[in-house]
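Content type mmCIF, C-alpha atoms and all ligand atoms, from the file structure32.cif:
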```
data_run
loop_
_atom_site.label_atom_id
_atom_site.label_comp_id
_atom_site.auth_asym_id
_atom_site.auth_seq_id
_atom_site.Cartn_x
_atom_site.Cartn_y
_atom_site.Cartn_z
CA MET A 1 0.00 0.00 0.00
CA ASP A 2 1.21 3.47 -0.75
CA PHE A 3 0.33 7.13 -0.29
CA PRO A 4 0.96 10.29 -2.32
CA THR A 5 3.80 12.66 -1.49
CA VAL A 6 4.70 16.00 -3.04
CA CYS A 7 8.27 16.63 -4.20
CA PRO A 8 9.66 19.66 -2.32
CA ALA A 9 11.72 20.66 -5.39
CA CYS A 10 9.20 20.48 -8.25
CA ALA A 11 5.89 20.04 -6.39
CA ARG A 12 4.89 17.03 -8.44
CA GLU A 13 3.50 13.85 -6.93
CA ASN A 14 5.42 10.67 -6.12
CA ARG A 15 3.85 7.72 -4.36
CA ALA A 16 5.60 6.19 -1.36
CA GLU A 17 5.20 2.71 0.13
CA PHE A 18 4.35 2.76 3.83
CA THR A 19 7.34 1.70 5.94
CA ASP A 20 7.41 0.32 9.49
CA SER A 21 9.54 3.22 10.67
CA SER A 22 7.26 5.91 9.12
CA VAL A 23 10.43 7.27 7.47
CA HIS A 24 10.33 7.21 3.68
CA ALA A 25 13.46 7.96 1.62
CA LEU A 26 12.39 9.00 -1.88
CA THR A 27 13.87 10.16 -5.16
CA CYS A 28 11.54 12.26 -7.30
CA ALA A 29 10.65 10.45 -10.52
CA HIS A 30 10.18 13.79 -12.29
CA CYS A 31 13.19 15.93 -11.30
CA GLY A 32 15.51 13.53 -9.46
CA ALA A 33 15.48 15.49 -6.20
CA ARG A 34 16.01 13.39 -3.09
CA TYR A 35 13.74 13.85 -0.12
CA CYS A 36 12.71 12.04 3.01
CA VAL A 37 9.10 11.96 4.19
CA PHE A 38 8.48 11.61 7.93
CA LEU A 39 4.89 10.50 8.35
CA ARG A 40 3.37 11.54 11.68
CA LYS A 41 1.04 8.65 11.97
CA HIS A 42 1.10 5.54 14.11
CA ARG A 43 0.94 2.04 12.79
CA PHE A 44 -2.53 1.42 14.16
CA GLU A 45 -3.76 4.51 12.30
CA VAL A 46 -2.15 3.41 9.03
CA LEU A 47 -3.63 -0.09 9.38
CA PHE A 48 -7.08 1.20 10.23
CA ASP A 49 -7.06 3.50 7.22
CA LEU A 50 -5.89 0.64 5.00
CA GLY A 51 -8.79 -1.41 6.33
CA THR A 52 -11.19 1.39 5.51
CA ARG A 53 -9.79 1.66 2.01
CA ALA A 54 -10.00 -2.12 1.50
CA SER A 55 -13.58 -2.14 2.73
CA MET A 56 -14.57 0.67 0.38
CA ASP A 57 -12.89 -1.15 -2.50
CA GLY A 58 -14.93 -4.27 -1.73
CA TYR A 59 -12.16 -6.37 -0.15
CA ALA A 60 -13.99 -7.29 3.04
CA ARG A 61 -11.61 -10.07 4.10
CA GLU A 62 -8.52 -7.88 3.70
CA ALA A 63 -10.35 -5.12 5.54
CA VAL A 64 -11.02 -7.38 8.53
CA ALA A 65 -7.36 -8.45 8.63
CA SER A 66 -6.26 -4.80 8.65
CA PHE A 67 -8.75 -3.79 11.36
CA ALA A 68 -7.64 -6.74 13.52
CA ALA A 69 -3.99 -5.76 13.06
CA ALA A 70 -4.86 -2.14 13.86
CA LEU A 71 -6.35 -3.21 17.19
CA GLU A 72 -3.26 -5.25 18.09
CA ARG A 73 -0.98 -2.36 17.20
CA PHE A 74 -3.17 -0.01 19.21
CA PHE A 75 -2.68 -2.16 22.31
CA GLU A 76 1.04 -1.78 21.71
CA PHE A 77 0.61 1.99 21.35
CA TYR A 78 -1.28 2.07 24.63
CA VAL A 79 1.48 0.20 26.47
CA TRP A 80 3.98 2.63 24.95
CA ALA A 81 1.99 5.70 25.96
CA PHE A 82 1.32 4.38 29.47
CA THR A 83 4.92 3.39 30.17
CA LEU A 84 6.44 6.62 28.88
CA GLU A 85 3.83 8.74 30.65
CA ARG A 86 4.58 6.95 33.91
CA ALA A 87 8.32 7.42 33.42
CA ALA A 88 7.78 11.12 32.73
CA ASN A 89 5.69 11.51 35.89
CA ALA A 90 8.50 9.81 37.84
CA GLU A 91 10.95 12.22 36.20
CA GLN A 92 12.83 9.37 34.62
CA GLU A 93 14.97 10.28 31.64
CA PHE A 94 13.02 9.76 28.41
CA SER A 95 15.73 7.92 26.46
CA ALA A 96 16.36 5.53 29.36
CA ALA A 97 12.65 4.84 29.69
CA LEU A 98 12.37 4.28 25.95
CA ALA A 99 15.34 1.89 25.91
CA GLY A 100 13.85 -0.11 28.77
CA LEU A 101 10.52 -0.28 26.99
CA GLU A 102 12.03 -1.35 23.67
CA GLY A 103 14.03 -4.06 25.41
CA THR A 104 10.97 -5.30 27.27
CA TRP A 105 8.81 -5.26 24.17
CA ARG A 106 11.28 -7.57 22.40
CA HIS A 107 10.21 -10.32 24.83
CA VAL A 108 6.60 -10.09 23.72
CA ALA A 109 6.94 -8.82 20.15
CA SER A 110 6.34 -12.13 18.39
CA GLN A 111 3.28 -13.23 20.38
CA SER A 112 0.10 -11.21 20.41
CA GLU A 113 -1.24 -13.04 23.50
CA ARG A 114 1.72 -11.77 25.50
CA GLN A 115 1.12 -8.27 24.22
CA LEU A 116 -2.51 -8.50 25.27
CA GLY A 117 -1.32 -9.45 28.76
CA MET A 118 0.89 -6.37 28.90
CA PHE A 119 -1.98 -4.20 27.76
CA ALA A 120 -4.32 -5.65 30.39
CA LEU A 121 -1.89 -4.79 33.18
CA ALA A 122 -1.14 -1.35 31.75
CA TYR A 123 -4.87 -0.61 31.65
CA LEU A 124 -5.39 -1.79 35.23
CA LEU A 125 -2.47 0.28 36.52
CA ARG A 126 -3.50 3.42 34.64
CA GLU A 127 -7.26 3.36 35.08
CA GLY A 128 -7.48 1.47 38.36
CA ARG A 129 -10.03 -0.98 37.02
CA GLU A 130 -10.32 -4.22 35.12
CA PRO A 131 -10.26 -3.97 31.32
CA ASP A 132 -13.66 -5.64 31.18
CA PHE A 133 -13.92 -5.14 27.41
CA LEU A 134 -11.18 -7.75 26.83
CA THR A 135 -13.72 -10.47 26.18
CA ALA A 136 -14.29 -12.46 23.02
CA ARG A 137 -17.51 -10.51 22.47
CA GLY A 138 -15.97 -7.14 23.28
CA LEU A 139 -13.15 -7.70 20.81
CA GLY A 140 -15.12 -9.52 18.11
CA THR A 141 -12.62 -12.36 18.48
CA ASP A 142 -14.77 -15.20 17.13
CA PHE A 143 -15.59 -13.32 13.96
CA ARG A 144 -11.97 -12.23 13.52
CA ASN A 145 -10.69 -15.81 13.94
CA ARG A 146 -13.27 -17.24 11.56
CA VAL A 147 -12.17 -14.78 8.90
CA ILE A 148 -8.41 -14.80 9.48
CA HIS A 149 -7.74 -18.40 10.50
CA ARG A 150 -10.58 -20.34 8.92
CA GLY A 151 -10.99 -18.46 5.68
CA THR A 152 -14.62 -17.47 6.20
CA LEU A 153 -15.56 -14.82 3.67
CA PRO A 154 -17.22 -11.90 5.48
CA THR A 155 -19.86 -9.73 3.91
CA ARG A 156 -19.19 -6.04 3.57
CA ALA A 157 -21.75 -5.35 6.30
CA GLU A 158 -19.98 -7.76 8.67
CA ALA A 159 -16.62 -6.14 7.92
CA GLU A 160 -18.11 -2.71 8.60
CA ALA A 161 -19.67 -3.85 11.87
CA TYR A 162 -16.27 -5.19 12.93
CA ALA A 163 -14.63 -1.91 11.86
CA ALA A 164 -17.16 -0.01 13.93
CA LEU A 165 -16.43 -2.17 16.97
CA VAL A 166 -12.65 -1.72 16.64
CA PHE A 167 -13.05 1.99 15.97
CA ALA A 168 -15.27 2.57 18.99
CA LEU A 169 -12.87 0.68 21.27
CA ILE A 170 -9.78 2.53 20.08
CA ASP A 171 -11.64 5.85 20.20
CA ARG A 172 -12.73 5.19 23.77
CA LEU A 173 -9.23 4.20 24.90
CA LEU A 174 -7.69 7.22 23.16
CA THR A 175 -10.19 9.40 24.99
CA GLU A 176 -9.19 7.82 28.29
CA LEU A 177 -5.51 8.25 27.46
CA GLY A 178 -6.09 11.92 26.67
CA PRO A 179 -2.81 13.86 26.79
CA GLY A 180 -1.09 10.59 27.82
CA ALA A 181 -1.05 9.61 24.14
CA ALA A 182 1.44 12.41 23.52
CA HIS A 183 4.14 10.35 25.23
CA ALA A 184 3.94 7.76 22.49
CA GLU A 185 4.02 10.56 19.91
CA LEU A 186 7.24 11.72 21.52
CA ALA A 187 8.78 8.29 20.95
CA GLN A 188 8.04 8.60 17.25
CA GLU A 189 9.53 12.11 17.18
CA GLN A 190 12.67 10.68 18.77
CA VAL A 191 12.98 8.12 15.96
CA PHE A 192 12.49 10.93 13.45
CA ALA A 193 15.15 13.09 15.11
CA ALA A 194 17.68 10.26 14.89
CA HIS A 195 16.96 9.79 11.18
CA LEU A 196 17.02 13.51 10.60
CA ALA A 197 20.48 13.82 12.15
CA GLY A 198 21.76 11.14 9.79
CA LEU A 199 20.26 12.52 6.56
CA PRO A 200 22.91 13.03 3.85
CA ASP A 201 23.44 16.53 2.44
CA GLY A 202 21.08 17.42 -0.35
CA VAL A 203 18.17 15.40 1.01
CA THR A 204 15.18 17.52 2.01
CA ALA A 205 13.20 16.47 5.07
CA VAL A 206 9.42 16.65 4.72
CA PHE A 207 7.08 16.17 7.68
CA GLU A 208 3.57 15.07 6.89
CA GLU A 209 0.55 14.51 9.01
CA HIS A 210 -2.23 12.72 7.19
CA PRO A 211 -5.73 13.14 8.54
CA GLY A 212 -6.56 9.53 9.28
CA MET A 213 -9.72 8.35 10.98
CA PHE A 214 -8.54 9.03 14.51
CA ARG A 215 -6.69 12.27 13.79
CA ALA A 216 -9.73 13.61 12.03
CA ARG A 217 -11.65 13.20 15.26
CA ARG A 218 -8.94 14.38 17.62
CA PHE A 219 -6.83 16.94 15.84
CA GLY A 220 -8.93 18.07 12.92
CA GLY A 221 -10.67 20.86 14.77
CA LEU A 222 -13.97 19.15 14.04
CA ALA A 223 -15.54 18.71 17.42
CA PRO A 224 -17.21 15.38 17.99
CA THR A 225 -20.88 16.09 17.64
CA LEU A 226 -22.33 12.62 17.75
CA LYS A 227 -25.51 12.26 19.68
CA LEU A 228 -27.14 8.91 19.30
CA GLN A 229 -30.76 9.71 18.60
CA ALA A 230 -33.13 7.67 20.66
CA GLN A 231 -35.64 5.98 18.40
CA PRO A 232 -38.97 7.66 19.05
CA GLY A 233 -41.13 4.81 20.23
CA PRO A 234 -44.74 4.83 21.39
CA PRO A 235 -45.21 7.49 24.10
CA GLY A 236 -44.30 6.40 27.61
CA GLN A 237 -42.60 3.20 26.52
CA GLY A 238 -39.10 4.53 25.98
CA ALA A 239 -37.75 3.84 29.44
CA GLU A 240 -39.09 0.30 29.69
CA GLN A 241 -37.85 -0.43 26.20
CA ALA A 242 -34.34 0.58 27.18
CA ARG A 243 -34.19 -1.92 30.02
CA LYS A 244 -35.20 -4.97 28.04
CA PRO A 245 -32.42 -7.52 27.64
CA GLY A 246 -30.80 -7.30 24.24
CA LYS A 247 -31.56 -3.63 23.87
CA ALA A 248 -28.28 -2.62 25.46
CA VAL A 249 -26.34 -4.79 23.02
CA ASN A 250 -28.23 -3.32 20.08
CA ASP A 251 -27.64 0.19 21.40
CA ALA A 252 -23.92 -0.46 21.74
CA ARG A 253 -23.79 -1.75 18.20
CA ALA A 254 -25.82 1.16 16.87
CA TYR A 255 -23.57 3.57 18.73
CA GLN A 256 -20.42 1.97 17.29
CA GLN A 257 -21.85 2.13 13.79
CA ALA A 258 -22.91 5.76 14.20
CA LEU A 259 -19.54 6.72 15.64
CA PHE A 260 -17.71 5.00 12.80
CA ARG A 261 -19.97 6.62 10.16
CA GLN A 262 -19.39 10.03 11.66
CA ALA A 263 -15.63 9.50 11.74
CA LEU A 264 -15.72 8.54 8.06
CA GLU A 265 -17.62 11.74 7.28
CA GLU A 266 -15.28 13.89 9.36
CA ARG A 267 -12.30 12.38 7.66
CA GLY A 268 -13.81 13.11 4.26
CA ALA A 269 -14.45 16.72 5.28
CA LEU A 270 -10.93 17.07 6.62
CA LEU A 271 -9.36 15.60 3.49
CA ARG A 272 -11.32 18.12 1.41
CA ALA A 273 -10.15 20.93 3.70
CA PHE A 274 -6.53 19.79 3.34
CA LYS A 275 -6.74 19.72 -0.42
CA GLY A 276 -8.27 23.18 -0.50
CA PRO A 277 -10.87 24.38 -2.98
CA PRO A 278 -11.19 22.34 -6.18
CA PRO A 279 -9.04 23.49 -9.13
CA GLY A 280 -10.67 26.40 -10.93
CA GLY A 281 -12.92 27.10 -7.95
CA SER A 282 -13.20 30.72 -6.92
CA GLY A 283 -12.78 29.94 -3.22
CA GLN A 284 -14.12 32.11 -0.46
CA GLY A 285 -12.46 35.42 -1.35
ZN ZN B 1 10.63 16.64 -8.13
#
```
Will you turn the file into structure tokens for me?
Amino acid sequence: MDFPTVCPACARENRAEFTDSSVHALTCAHCGARYCVFLRKHRFEVLFDLGTRASMDGYAREAVASFAAALERFFEFYVWAFTLERAANAEQEFSAALAGLEGTWRHVASQSERQLGMFALAYLLREGREPDFLTARGLGTDFRNRVIHRGTLPTRAEAEAYAALVFALIDRLLTELGPGAAHAELAQEQVFAAHLAGLPDGVTAVFEEHPGMFRARRFGGLAPTLKLQAQPGPPGQGAEQARKPGKAVNDARAYQQALFRQALEERGALLRAFKGPPPGGSGQG
């Protein structure tokens, strides 16, 4: 998968393949200028956006695989943010904390179950309560396993419901993290700084922040406005309706879907804002 970049020398477009490090060394195909794109985006964001793209293109199975991977990488992000935040609060040196974290992560890097265990403890320590959403139902595990391990072909609707579940969970945890997430951002900036220091002469550094699904909600200046409309039922029956078993589950699902839909819309609006008025348009002035 790739994304468009703009050459800083001639302003024409070159496409770049996503890299694990978020650092992309490029040579312009049009003018030969060398530049290096630093993409301010975390792996879970890239994967979630790839899943969204796959889903829109009709590749439901690939979409589910990307959403599942996004959730796993988000748990990693959470552990990163939590650990570095804690170190900062204890006035531990950032680079020492980061080195300790990287070393520790190597012990769990190849097994997602171990990573889930680290996340569970991180959540308990940070929030002071059990991560009660870590159930098969809360994570959509059965569906995910059927698709990824048993080759079940999901419908587009199923893939979107799974996307909505993953989105709502990540969105909720990002909200709980709040400014704590910035500590994981700092780790990425550190990686960028190291690359930047080693850039050869004549290579231009370009920093890019793409408005992905989560950034659109958090940093796009578009305030979350979602209010789940209660379905107008027969007068006087609303309250009883809400307490019936099964209703809560349906509400949660409806909420996830609505949240996901709104995020898609916000992202679309933000992308249009980034690109500016359409060519030939007179704009606002
Ligand atoms: Zn160029």
Proximity check chain A to ligand ZN 1 (chain B), 8 Å, nearest pairs one decimal Å, only C-alpha atoms and all ligand atoms, as a Markdown table:
```
| residue | atom | partner | partner_atom | distance |
| --- | --- | --- | --- | --- |
| A:Val6 | CA | B:ZN1 | ZN | 7.8 |
| A:Cys7 | CA | B:ZN1 | ZN | 4.6 |
| A:Pro8 | CA | B:ZN1 | ZN | 6.6 |
| A:Ala9 | CA | B:ZN1 | ZN | 5.0 |
| A:Cys10 | CA | B:ZN1 | ZN | 4.1 |
| A:Ala11 | CA | B:ZN1 | ZN | 6.1 |
| A:Arg12 | CA | B:ZN1 | ZN | 5.8 |
| A:Glu13 | CA | B:ZN1 | ZN | 7.7 |
| A:Thr27 | CA | B:ZN1 | ZN | 7.8 |
| A:Cys28 | CA | B:ZN1 | ZN | 4.5 |
| A:Ala29 | CA | B:ZN1 | ZN | 6.6 |
| A:His30 | CA | B:ZN1 | ZN | 5.1 |
| A:Cys31 | CA | B:ZN1 | ZN | 4.1 |
| A:Gly32 | CA | B:ZN1 | ZN | 5.9 |
| A:Ala33 | CA | B:ZN1 | ZN | 5.3 |
```
Mind giving me the straight-line distance from CA of Tyr35 in chain A to CA of Ala184 in chain A in Å, one decimal?
25.4 Å
Find the residues around Gly151 in chain A up to 12 Å (all atoms listed in the file counted), leave out those fewer than 3 positions away in its own chain, and share them as a PyMOL selection string.
chain A and resi 60-62+64-65+143-148+154
Please save C-alpha atoms of the selected residues as an mmCIF file, keeping the file's coordinate frame.
```cif
data_model
loop_
_atom_site.group_PDB
_atom_site.id
_atom_site.type_symbol
_atom_site.label_atom_id
_atom_site.label_comp_id
_atom_site.auth_asym_id
_atom_site.auth_seq_id
_atom_site.Cartn_x
_atom_site.Cartn_y
_atom_site.Cartn_z
ATOM 1 C CA ALA A 60 -13.990 -7.290 3.040
ATOM 2 C CA ARG A 61 -11.610 -10.070 4.100
ATOM 3 C CA GLU A 62 -8.520 -7.880 3.700
ATOM 4 C CA VAL A 64 -11.020 -7.380 8.530
ATOM 5 C CA ALA A 65 -7.360 -8.450 8.630
ATOM 6 C CA PHE A 143 -15.590 -13.320 13.960
ATOM 7 C CA ARG A 144 -11.970 -12.230 13.520
ATOM 8 C CA ASN A 145 -10.690 -15.810 13.940
ATOM 9 C CA ARG A 146 -13.270 -17.240 11.560
ATOM 10 C CA VAL A 147 -12.170 -14.780 8.900
ATOM 11 C CA ILE A 148 -8.410 -14.800 9.480
ATOM 12 C CA PRO A 154 -17.220 -11.900 5.480
#
```
Using all atoms listed in the file: which of A:Phe38, A:Tyr78, A:Phe94, A:Phe214 has the shortest distance to His195 in chain A:
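When distances to His195 in chain A are compared using all atoms listed in the file, the smallest one comes from A:Phe38.
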Find the residues around Trp105 in chain A up to 12 Å (only C-alpha atoms counted), leave out those fewer than 4 positions away in its own chain, and share them as a VMD selection string.
chain A and resid 76 to 77 79 to 80 83 98 to 101 109 to 112 114 to 119
What is the CA of Gly128 in chain A-CA of Leu47 in chain A distance in Å, reported with one decimal?
29.3 Å
Calculate how many Å separate CA of Ala163 in chain A from CA of Ala16 in chain A, rounding to one decimal.
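Calculated distance between CA of Ala163 in chain A and CA of Ala16 in chain A is 25.5 Å.
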Would you mind telling me which residue in A:Ser95, A:Glu17, A:Cys36, A:Arg129 lies nearest to Leu199 in chain A when using only C-alpha atoms?
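Comparing A:Ser95, A:Glu17, A:Cys36, A:Arg129 against Leu199 in chain A, the winner is A:Cys36.
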Sphere at (-12.6, 0.9, 14.9), radius 10 Å, counting all atoms listed in the file: residues as a ChimeraX atom specification
/A:45,48-49,51-52,67-68,70-71,160-172,213-214,256-257,259-260,263
Taking every listed atom of range 16-22 of chain A and adding 3 Å to each side, what centre and edge lengths in Å (one decimal) does the axis-aligned box have, as lines of an AutoDock Vina configuration file?
```
center_x = 6.9
center_y = 3.3
center_z = 4.7
size_x = 11.2
size_y = 11.9
size_z = 18.0
```
Out of A:Phe44, A:Ala25, A:Val37, A:His107, which residue has the shortest atom-to-atom distance to Val206 in chain A when counting all atoms listed in the file?
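Answer, going by the shortest atom-to-atom distance: A:Val37.
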From the set A:Gly180, A:Arg43, A:Leu26, A:Glu93, which residue has the shortest atom-to-atom contact distance to Ala69 in chain A, counting all atoms listed in the file?
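Under the stated criterion, the closest residue is A:Arg43.
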For each of A:His42, A:Ala252, A:Ala88, A:Ala205, take the minimum atom-to-atom distance to Phe75 in chain A, counting all atoms listed in the file, then give the residue where this is smallest.
A:His42
Rank nothing, just name the residue among A:Ala63, A:Ala159, A:Arg253, A:Ala258 nearest to Arg137 in chain A, using all atoms listed in the file.
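Once distances to Arg137 in chain A are computed over all atoms listed in the file, the minimum belongs to A:Arg253.
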